[in-house]
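The structure under discussion appears below in the form of structure tokens.
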Amino acid sequence: MPNNEMPKAYESKLYEDEIYAAWEKSGFFNPDNLAGEPYSIMMPPPNVTGVLHLGHALENALMDAMARYQRLNGKKVLLVPGTDHAALPTQAKVEKMLMEGGMKNPRQELGRDKLVEKIREFAEASRSTILGQIKKMGTSCDWSRLAYTFDDSRNIAVNELFRRLYNDGLIYRGYRVVNWSTKGQSTCSDDEIEYIERASVLYTFKYSKDFPITIATTRPETKLGDTAVAVHPGDERYQKYIGQTFVVDVGAEKPLEIKVIADEGVDPTFGTGALGVTPAHSQVDFLMYEKQKVSGNPIGMIQVVGIDGKMTKEAGSYAGLTVEEARAKFVGWLSTQGLLEKEPEEIVQNVGTHSRYKDVIEVLPMTQWWLDVQKVIPSKGKSLHDLMAEALTTGLDGDASKKVTITPERFTKLYLARVANLRDWCLSRQTWWGHRIPVWYRGEETFVGNGSPEGDGWEQDPDTLDTWFSSGSWTFSTLGWPEKTVDLQAFHPTSWMQMGYEILYLWLMRMVLMSTYALGEIPFKDAYIHGMLRNESGKKFSKSDANGIDPLDIIEKYGCDALRLCVLSGNTPGNDSRFSVEKIESSRNFVNKMWNISRFILMSVGDTTSSNSVAPTTVADHWILGRLETVTNQTGKLIEQFDFSLAIETLREFIWNDFADWYLEIAKIQQKDEALKTSTNEILLYVLKQSLILCHPFMPFVSEAIWKEFGTGSFVMVEKWPKVNGFFDEASEKQLVALQELIIAIRNVRSQYKIEPKKLMDVVFVVNEASREFIELNREVIAALARVNADFVLVEKYEAAASDMSVVLKDVTVFVKMETVVDAEKEKVRVEKEIAELTSYLESVAQKLSNEEFRSKAPEKIIAQMEEKQREAQEKLKKLST
RNA sequence: GGGCGGCUAGCUCAGCUGGUUAGAGCACUUGCAUGACAUGCAAGGGGUCAGAGGUUCAAAUCCUCUGCCGCCCACCA
């Protein structure tokens with residue numbers, strides 16, 4: 001039954017929560033209640049470090065648009081919701097809050113259990129906020145399968161993965177240099193380092209007077225731990241020293257033994273061509289240390305900086321000083337000894353900082369747990385590194401169906417470059433929040449497994465796992481792995497994944513690693529990489545700055561659909577985009593337009609129980625149904641190409657321009673004609689319903705709210721995506737366009753000569769064979785839309801009066817009768833301008849067409865097109881000239 | 001040091017597997033309370049597609065170089 005009570009404007013607040021609840025209750029978020037081919041998306045789990053921001057709104061809009069589109073296409077869609085415990089970041093966040101609350105050292109003051117409890121409280125609060133926000137965003141996820149990277153099932157998956165990797169010899173415990181955050185008192189992986197540009201001072205000096213080689217460094221204090229100087233093997237200046245060991249006094253109580261070694265990696269043309277080697281405090285130098293060891297010509301390793309960021313007792317008289325104090329002291333000593341070879345030089349340097357604790361990373365040697373990415377996996381005959389590369393190139397085992405495709409493609413290159421340079425992954429963290437390393441020790445014994453071992457005296461490793469270890473298994477841990485579940489069988493590999501480019505290395509790479517290793521499967525077939533949302537002036541939204549916008553505020557004010565449209569429009573793969581008030585208003589207006597189109601149709605049609613079959617009669621009928629078909633095809637194709645922005649633009653243009661501005665206006669005239677009324681109403685309903693389905697992936701709430709007005713009790717959410725119906729026909733499209741041009745041209749005259757909108761103008765149409773019937777057929781429509789008297793005459797010849805204005809079109813010339821003679825001069829200028837434009841256009845066309853090479857080389861279709869245009873322009877010019 | 005992306009209407013961005021007289025939204029100008037919508041309707045104005053070369057019958061679109069802006073990577077001590 002029609003509802004005449006629909007409010008004039010769509011008020012999102014009145015509908016959204018109720019509709020979401022109804023969707024949930026319907027059970028259609030759960031694929032078990034759907035039929036068809038499985039389609040799965042795993043939601044990138046938001047970190048419980050805080051609440052959701054606009055970036056998450058974008059992600060939810062992307063995922064949900066895809067999920068809803070696939071559901072409408074009859075797929076058995078699974079969208080798994082979840083959150084990430086974000087081990088170190090969450091602990092860092094809570095510690096920061098505690099410290100802001102007055103605590104000096106939360107770890108010391110609270111102890112492990114109490115601090116973990118505090119973090120858990122924070123995480124749980126954050127988690128429940130986040131889950132509520134996801135619902136507010138309208139995301140159609142299956143809440144019965146809700147997952148958390150830190151819940152029991154995921155813990156089992158994590159431990160099992162660790163156990164398998166350990167048994168395959170890929171996870172090992174080793175003493176190597178690590179990236180160390182003094183502030184966070186923990187290691188971090190290479191991927192968690194953020195490089196920042198910083199002013200620094202380069203010192204060039206000799207260790208002692210009798211040492212023959214000059215070196216340079218920005219970290220003089222670490223030179224107290226030097227054990228070698230490396231030179232290029234071919235460097236003639238230093239060749240004679242290679243292999244020699246010098247004992248040098250650096251004024252730190254303990255003399256250093258410096259061996260001169262040869263290394264191909266040293267650039268003889270850079271600086272002094274010699275490199276002081278500090279194995280304990282440099283990644284590169286450590287590699288040299290390892291290389292020397294293997295070659296049977298070992299060098300020493302001295303750790304002079306400790307985990308507290310202070311000099312160790314190995315640094316002799318420097319022990320206990322901070323690195324800055326030690327640097328000043330050592331540089332002072334060098335200076336008084338006259339060892340500085342030249343003035344300290346101010347340079348700009350990239351320095352690695354911890355992404356969460358923000359302090360400068362110290363490189364230190366420690367015993368930690370590592371994942372070897374190069375070692376050959378016994379059962380596979382290749383390394384993790386090989387698997388990661390294969391999955392993005394040839395497909396796993398050369399099987400193209402097991403290939404991950406990234407959109408946009410350029411990120412594939414970035415990924416592969418990174419994989420090529422991958423070092424072993426440091427897995428253990430000294431922070432307390434996270435999956436505890438599943439390893440137990442008892443004396444010399446080590447136990448690795450799922451759950452503590454039998455017997456007394458076992459102690460579990462105190463460290464926790466890098467948080468990305470658990471997120472890496474997300475695509476399958478969410479499906480019940482390591483059990484061979486029905487879900488795993490049906491939904492893995494997942495169908496589609498979307499994420500921001502900033503976690504390409506951190507996450508995408510690790511998902512590929514885990515999935516290819518554990519399942520021999522890719523984690524997903526397609527990965528869509530989106531850019532970052534920035535504020536109006538192009539700045540990054542950041543939590544600390546005040547420019548953060550809460551998506552919930554936006555939803556409250558403009559509605560969820562508007563927010564979704566806003567973040568998706570103008571957003572192309574891999575590129576950042578901006579969020580602005582103007583943009584969200586524009587989106588909100590479109591939502592409201594949809595509402596009002598529906599309001600008009602529901603109010604004017606009466607019986608809304610459409611038969612779903614239509615019988616087009618008029619040109620406009622044929623045209624709108626044809627357009628609907630074209631747009632249906634285009635939209636589907638665009639979504640499948642992940643071009644959401646263009647899909648929305650296509651829909652907007654159809655719904656607003658074609659359907660609302662033209663068809664609805666024409667329909668109003670047709671509704672007055674008893675013979676056309678029924679068929680027109682059927683078409684209005686049909687096009688509206690199909691449009692609601694097309695829009696549903698992007699504006700789920702308003703489409704569902706309107707659908708409800710039909711009173712069928714069904715959900716648009718589980719309707720069928722429109723099928724090609726065979727209505728498109730080119731002739732109708734051309735005719736309608738001609739009709740539009742005619743009406744616009746007459747309106748233009750009114751506008752230009754300031755004729756009152758209400759006044760019906762008198763016109764005469766000069767027609768030819770081709771146009772007479774067409775004009776006659778559309779007499780009513782032309783009269784109403786151009787606001788001219790409907791009794792206009794059609795003639796073949798017309799003697800224009802001085803006061804007549806003429807409008808020249810392809811097969812028809814319209815004379816608008818004016819009350820007085822208009823400014824003849826002005827009109828002459830207008831016509832002359834038009835003639836001039838046409839003439840110059842014709843010239844350029846003629847030039848092309850007379851070009852022999854164009855005629856011989858261009859495709860026939862192009863030539864024909866151009867000739868057609870030439871004919872049209874010539875005809876128009878001829879008429880204008882008379 | 002290497003690599004990548006961007007530079008198109010006042011603003012935000014499409015178009016870029018070469019071929020419509022280059023598009024959209026917002027903003028702007030003019031007019032309009034028309035009975036779906038002023039969160040609207042109608043009619044308009046506005047761009048030598050960063051610059052310079054080149055390839056081609058034809059370039060915003062392909063190639064080269066330059067200039068800004070931004071991002072990523074790297075063991076330059």
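How things are named: the first chain in the structure tokens is A, the next is B, and so on; residues count from 1 in each chain; ligands count from 1 in the order shown.
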
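Selecting chain B residues within 6 Å of chain A and counting only C-alpha atoms (C1' of nucleotides) yields C13, A36, C37, U39, A43, C57, C75 and A77 of chain B.
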
Mind writing the picked residues with C-alpha atoms (C1' of nucleotides) as a tab-separated table (two decimals), in the first residue's frame?
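Result file follows (result-v6.tsv):
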chain	number	residue	atom	x	y	z
B	13	C	C1'	38.99	14.26	-8.49
B	36	A	C1'	8.76	14.12	-4.98
B	37	C	C1'	12.76	16.89	-3.38
B	39	U	C1'	19.36	18.41	0.95
B	43	A	C1'	19.54	27.75	-18.14
B	57	C	C1'	47.20	10.26	-40.03
B	75	C	C1'	74.38	-1.32	4.92
B	77	A	C1'	80.35	4.41	7.14

Excluding Gly234 (chain A) and its own-chain neighbours fewer than 4 positions away, which residues fall within 10 Å of it when counting only C-alpha atoms (C1' of nucleotides)? Please give them as a PDB file with N, CA, C and O atoms, in the first residue's frame.
ATOM      1  N   TYR A 238      95.147   0.365   1.306  1.00  0.00           N
ATOM      2  CA  TYR A 238      95.051  -0.368   2.572  1.00  0.00           C
ATOM      3  C   TYR A 238      95.452  -1.836   2.472  1.00  0.00           C
ATOM      4  O   TYR A 238      95.483  -2.537   3.470  1.00  0.00           O
ATOM      5  N   GLN A 239      95.780  -2.269   1.247  1.00  0.00           N
ATOM      6  CA  GLN A 239      96.006  -3.698   1.041  1.00  0.00           C
ATOM      7  C   GLN A 239      97.045  -4.287   1.988  1.00  0.00           C
ATOM      8  O   GLN A 239      96.869  -5.381   2.511  1.00  0.00           O
ATOM      9  N   ALA A 262      88.997  -7.496   4.718  1.00  0.00           N
ATOM     10  CA  ALA A 262      88.575  -7.092   3.378  1.00  0.00           C
ATOM     11  C   ALA A 262      87.115  -7.468   3.202  1.00  0.00           C
ATOM     12  O   ALA A 262      86.694  -8.548   3.592  1.00  0.00           O
ATOM     13  N   ASP A 263      86.339  -6.540   2.643  1.00  0.00           N
ATOM     14  CA  ASP A 263      84.932  -6.849   2.375  1.00  0.00           C
ATOM     15  C   ASP A 263      84.499  -6.149   1.098  1.00  0.00           C
ATOM     16  O   ASP A 263      84.687  -4.945   0.939  1.00  0.00           O
ATOM     17  N   GLU A 264      83.929  -6.955   0.211  1.00  0.00           N
ATOM     18  CA  GLU A 264      83.492  -6.438  -1.090  1.00  0.00           C
ATOM     19  C   GLU A 264      82.465  -5.310  -0.953  1.00  0.00           C
ATOM     20  O   GLU A 264      82.328  -4.478  -1.833  1.00  0.00           O
ATOM     21  N   PRO A 268      85.219   1.861  -1.914  1.00  0.00           N
ATOM     22  CA  PRO A 268      86.510   2.527  -1.715  1.00  0.00           C
ATOM     23  C   PRO A 268      86.473   4.017  -2.055  1.00  0.00           C
ATOM     24  O   PRO A 268      87.339   4.782  -1.624  1.00  0.00           O
TER      25      PRO A 268
END

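When C1' of C28 (chain B) is paired with CA of Glu834 (chain A), their separation reads 24.1 Å.
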
Exercise for review: List every residue of region 122-276 of chain A that DSSP, applied to the backbone of this structure, assigns to helix (DSSP H, G or I), and report them as a PyMOL selection string.
Suggested key: chain A and resi 122-136+143-145+152-167+190-192+220-225+239-241

Got a sec: who's within 9 Å of Ile522 (chain A), counting only C-alpha atoms (C1' of nucleotides), leaving out chain neighbours fewer than 2 positions off, as a PDB file with N, CA, C and O atoms, in the first residue's frame?
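Produced file result.pdb, reproduced below:
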ATOM      1  N   ALA A 391      53.643 -16.865  -4.968  1.00  0.00           N
ATOM      2  CA  ALA A 391      52.213 -16.561  -4.833  1.00  0.00           C
ATOM      3  C   ALA A 391      51.800 -15.305  -5.589  1.00  0.00           C
ATOM      4  O   ALA A 391      50.646 -15.144  -5.955  1.00  0.00           O
ATOM      5  N   GLY A 395      52.029 -17.933  -9.390  1.00  0.00           N
ATOM      6  CA  GLY A 395      51.034 -18.685  -8.630  1.00  0.00           C
ATOM      7  C   GLY A 395      51.771 -19.816  -7.929  1.00  0.00           C
ATOM      8  O   GLY A 395      52.822 -20.256  -8.400  1.00  0.00           O
ATOM      9  N   LEU A 396      51.234 -20.282  -6.804  1.00  0.00           N
ATOM     10  CA  LEU A 396      51.893 -21.342  -6.024  1.00  0.00           C
ATOM     11  C   LEU A 396      52.145 -22.555  -6.900  1.00  0.00           C
ATOM     12  O   LEU A 396      51.253 -22.989  -7.629  1.00  0.00           O
ATOM     13  N   LYS A 402      46.384 -20.246  -8.384  1.00  0.00           N
ATOM     14  CA  LYS A 402      46.775 -19.969  -7.000  1.00  0.00           C
ATOM     15  C   LYS A 402      47.641 -18.714  -6.935  1.00  0.00           C
ATOM     16  O   LYS A 402      48.668 -18.685  -6.267  1.00  0.00           O
ATOM     17  N   LYS A 403      47.205 -17.725  -7.675  1.00  0.00           N
ATOM     18  CA  LYS A 403      47.950 -16.480  -7.692  1.00  0.00           C
ATOM     19  C   LYS A 403      47.166 -15.359  -7.027  1.00  0.00           C
ATOM     20  O   LYS A 403      45.968 -15.236  -7.237  1.00  0.00           O
ATOM     21  N   VAL A 404      47.876 -14.564  -6.243  1.00  0.00           N
ATOM     22  CA  VAL A 404      47.256 -13.398  -5.614  1.00  0.00           C
ATOM     23  C   VAL A 404      47.412 -12.214  -6.569  1.00  0.00           C
ATOM     24  O   VAL A 404      48.518 -11.911  -6.998  1.00  0.00           O
ATOM     25  N   HIS A 492      38.050 -20.958   2.170  1.00  0.00           N
ATOM     26  CA  HIS A 492      39.463 -20.631   1.983  1.00  0.00           C
ATOM     27  C   HIS A 492      39.992 -21.297   0.729  1.00  0.00           C
ATOM     28  O   HIS A 492      39.669 -22.452   0.499  1.00  0.00           O
ATOM     29  N   PRO A 493      40.800 -20.589  -0.089  1.00  0.00           N
ATOM     30  CA  PRO A 493      41.228 -19.188   0.019  1.00  0.00           C
ATOM     31  C   PRO A 493      40.041 -18.237   0.009  1.00  0.00           C
ATOM     32  O   PRO A 493      39.049 -18.509  -0.646  1.00  0.00           O
ATOM     33  N   THR A 494      40.208 -17.115   0.705  1.00  0.00           N
ATOM     34  CA  THR A 494      39.127 -16.158   0.717  1.00  0.00           C
ATOM     35  C   THR A 494      39.068 -15.458  -0.633  1.00  0.00           C
ATOM     36  O   THR A 494      40.006 -15.516  -1.425  1.00  0.00           O
ATOM     37  N   MET A 511      50.443 -12.729   5.642  1.00  0.00           N
ATOM     38  CA  MET A 511      49.314 -13.627   5.375  1.00  0.00           C
ATOM     39  C   MET A 511      49.685 -14.607   4.271  1.00  0.00           C
ATOM     40  O   MET A 511      49.332 -15.786   4.326  1.00  0.00           O
ATOM     41  N   VAL A 512      50.399 -14.096   3.264  1.00  0.00           N
ATOM     42  CA  VAL A 512      50.826 -14.981   2.180  1.00  0.00           C
ATOM     43  C   VAL A 512      51.774 -16.044   2.741  1.00  0.00           C
ATOM     44  O   VAL A 512      51.633 -17.238   2.452  1.00  0.00           O
ATOM     45  N   LEU A 513      52.700 -15.604   3.581  1.00  0.00           N
ATOM     46  CA  LEU A 513      53.670 -16.526   4.179  1.00  0.00           C
ATOM     47  C   LEU A 513      52.964 -17.636   4.961  1.00  0.00           C
ATOM     48  O   LEU A 513      53.194 -18.827   4.743  1.00  0.00           O
ATOM     49  N   SER A 515      49.762 -18.594   5.086  1.00  0.00           N
ATOM     50  CA  SER A 515      48.795 -19.414   4.375  1.00  0.00           C
ATOM     51  C   SER A 515      49.480 -20.400   3.421  1.00  0.00           C
ATOM     52  O   SER A 515      49.105 -21.569   3.351  1.00  0.00           O
ATOM     53  N   THR A 516      50.483 -19.932   2.719  1.00  0.00           N
ATOM     54  CA  THR A 516      51.158 -20.832   1.785  1.00  0.00           C
ATOM     55  C   THR A 516      51.908 -21.926   2.552  1.00  0.00           C
ATOM     56  O   THR A 516      51.960 -23.068   2.118  1.00  0.00           O
ATOM     57  N   LEU A 519      48.817 -24.078   4.747  1.00  0.00           N
ATOM     58  CA  LEU A 519      47.756 -24.725   3.972  1.00  0.00           C
ATOM     59  C   LEU A 519      48.154 -25.064   2.545  1.00  0.00           C
ATOM     60  O   LEU A 519      47.434 -25.773   1.860  1.00  0.00           O
ATOM     61  N   GLY A 520      49.269 -24.503   2.114  1.00  0.00           N
ATOM     62  CA  GLY A 520      49.620 -24.683   0.707  1.00  0.00           C
ATOM     63  C   GLY A 520      48.632 -23.955  -0.192  1.00  0.00           C
ATOM     64  O   GLY A 520      48.388 -24.333  -1.332  1.00  0.00           O
ATOM     65  N   PHE A 524      44.103 -15.244  -0.293  1.00  0.00           N
ATOM     66  CA  PHE A 524      42.980 -14.607  -0.997  1.00  0.00           C
ATOM     67  C   PHE A 524      43.354 -14.485  -2.459  1.00  0.00           C
ATOM     68  O   PHE A 524      44.526 -14.458  -2.816  1.00  0.00           O
ATOM     69  N   LYS A 525      42.342 -14.403  -3.300  1.00  0.00           N
ATOM     70  CA  LYS A 525      42.597 -14.324  -4.738  1.00  0.00           C
ATOM     71  C   LYS A 525      42.908 -12.897  -5.155  1.00  0.00           C
ATOM     72  O   LYS A 525      43.796 -12.661  -5.965  1.00  0.00           O
TER      73      LYS A 525
END

Review point. What's the 10 Å shell around region 95-108 of chain A, counting only C-alpha atoms (C1' of nucleotides), without same-chain residues fewer than 4 positions away, as a list of chain:residue names?
Key: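 Skipping anything fewer than 4 positions along the chain leaves A:Pro89, A:Thr90, A:Gln91, A:Arg112, A:Asp113, A:Lys114, A:Leu115, A:Val116, A:Lys118, A:Ile119, A:Gly184, A:Tyr357, A:Thr431, A:Trp432.
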
Point to revise | Long-range neighbours of Glu343 (chain A) as an NGL selection string, 10 Å cut-off, only C-alpha atoms (C1' of nucleotides), 5 positions minimum in chain | key: :A and (201-205 or 335)

Just N, CA and C atoms for this one: save the residues we selected as a short mmCIF file (atom, residue, chain, number, x, y, z; two decimals), in the first residue's frame.
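Written file, result.cif:
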data_model
loop_
_atom_site.label_atom_id
_atom_site.label_comp_id
_atom_site.auth_asym_id
_atom_site.auth_seq_id
_atom_site.Cartn_x
_atom_site.Cartn_y
_atom_site.Cartn_z
N VAL A 201 75.91 14.60 13.27
CA VAL A 201 77.28 15.06 13.08
C VAL A 201 78.17 13.88 12.70
N LEU A 202 78.92 14.08 11.63
CA LEU A 202 79.82 13.03 11.17
C LEU A 202 81.24 13.34 11.64
N TYR A 203 81.80 12.41 12.40
CA TYR A 203 83.16 12.60 12.92
C TYR A 203 84.12 11.73 12.12
N THR A 204 85.27 12.32 11.75
CA THR A 204 86.29 11.57 11.00
C THR A 204 87.55 11.53 11.86
N PHE A 205 88.01 10.33 12.16
CA PHE A 205 89.11 10.24 13.13
C PHE A 205 89.86 8.91 13.02
N SER A 335 89.47 14.71 20.46
CA SER A 335 89.89 16.06 20.16
C SER A 335 91.18 16.42 20.91
#

Review point. Of the candidates B:C49, B:A38, B:A14, B:U20, which shows the shortest atom-to-atom distance to Glu868 (chain A), using only C-alpha atoms (C1' of nucleotides)?
Key: B:U20
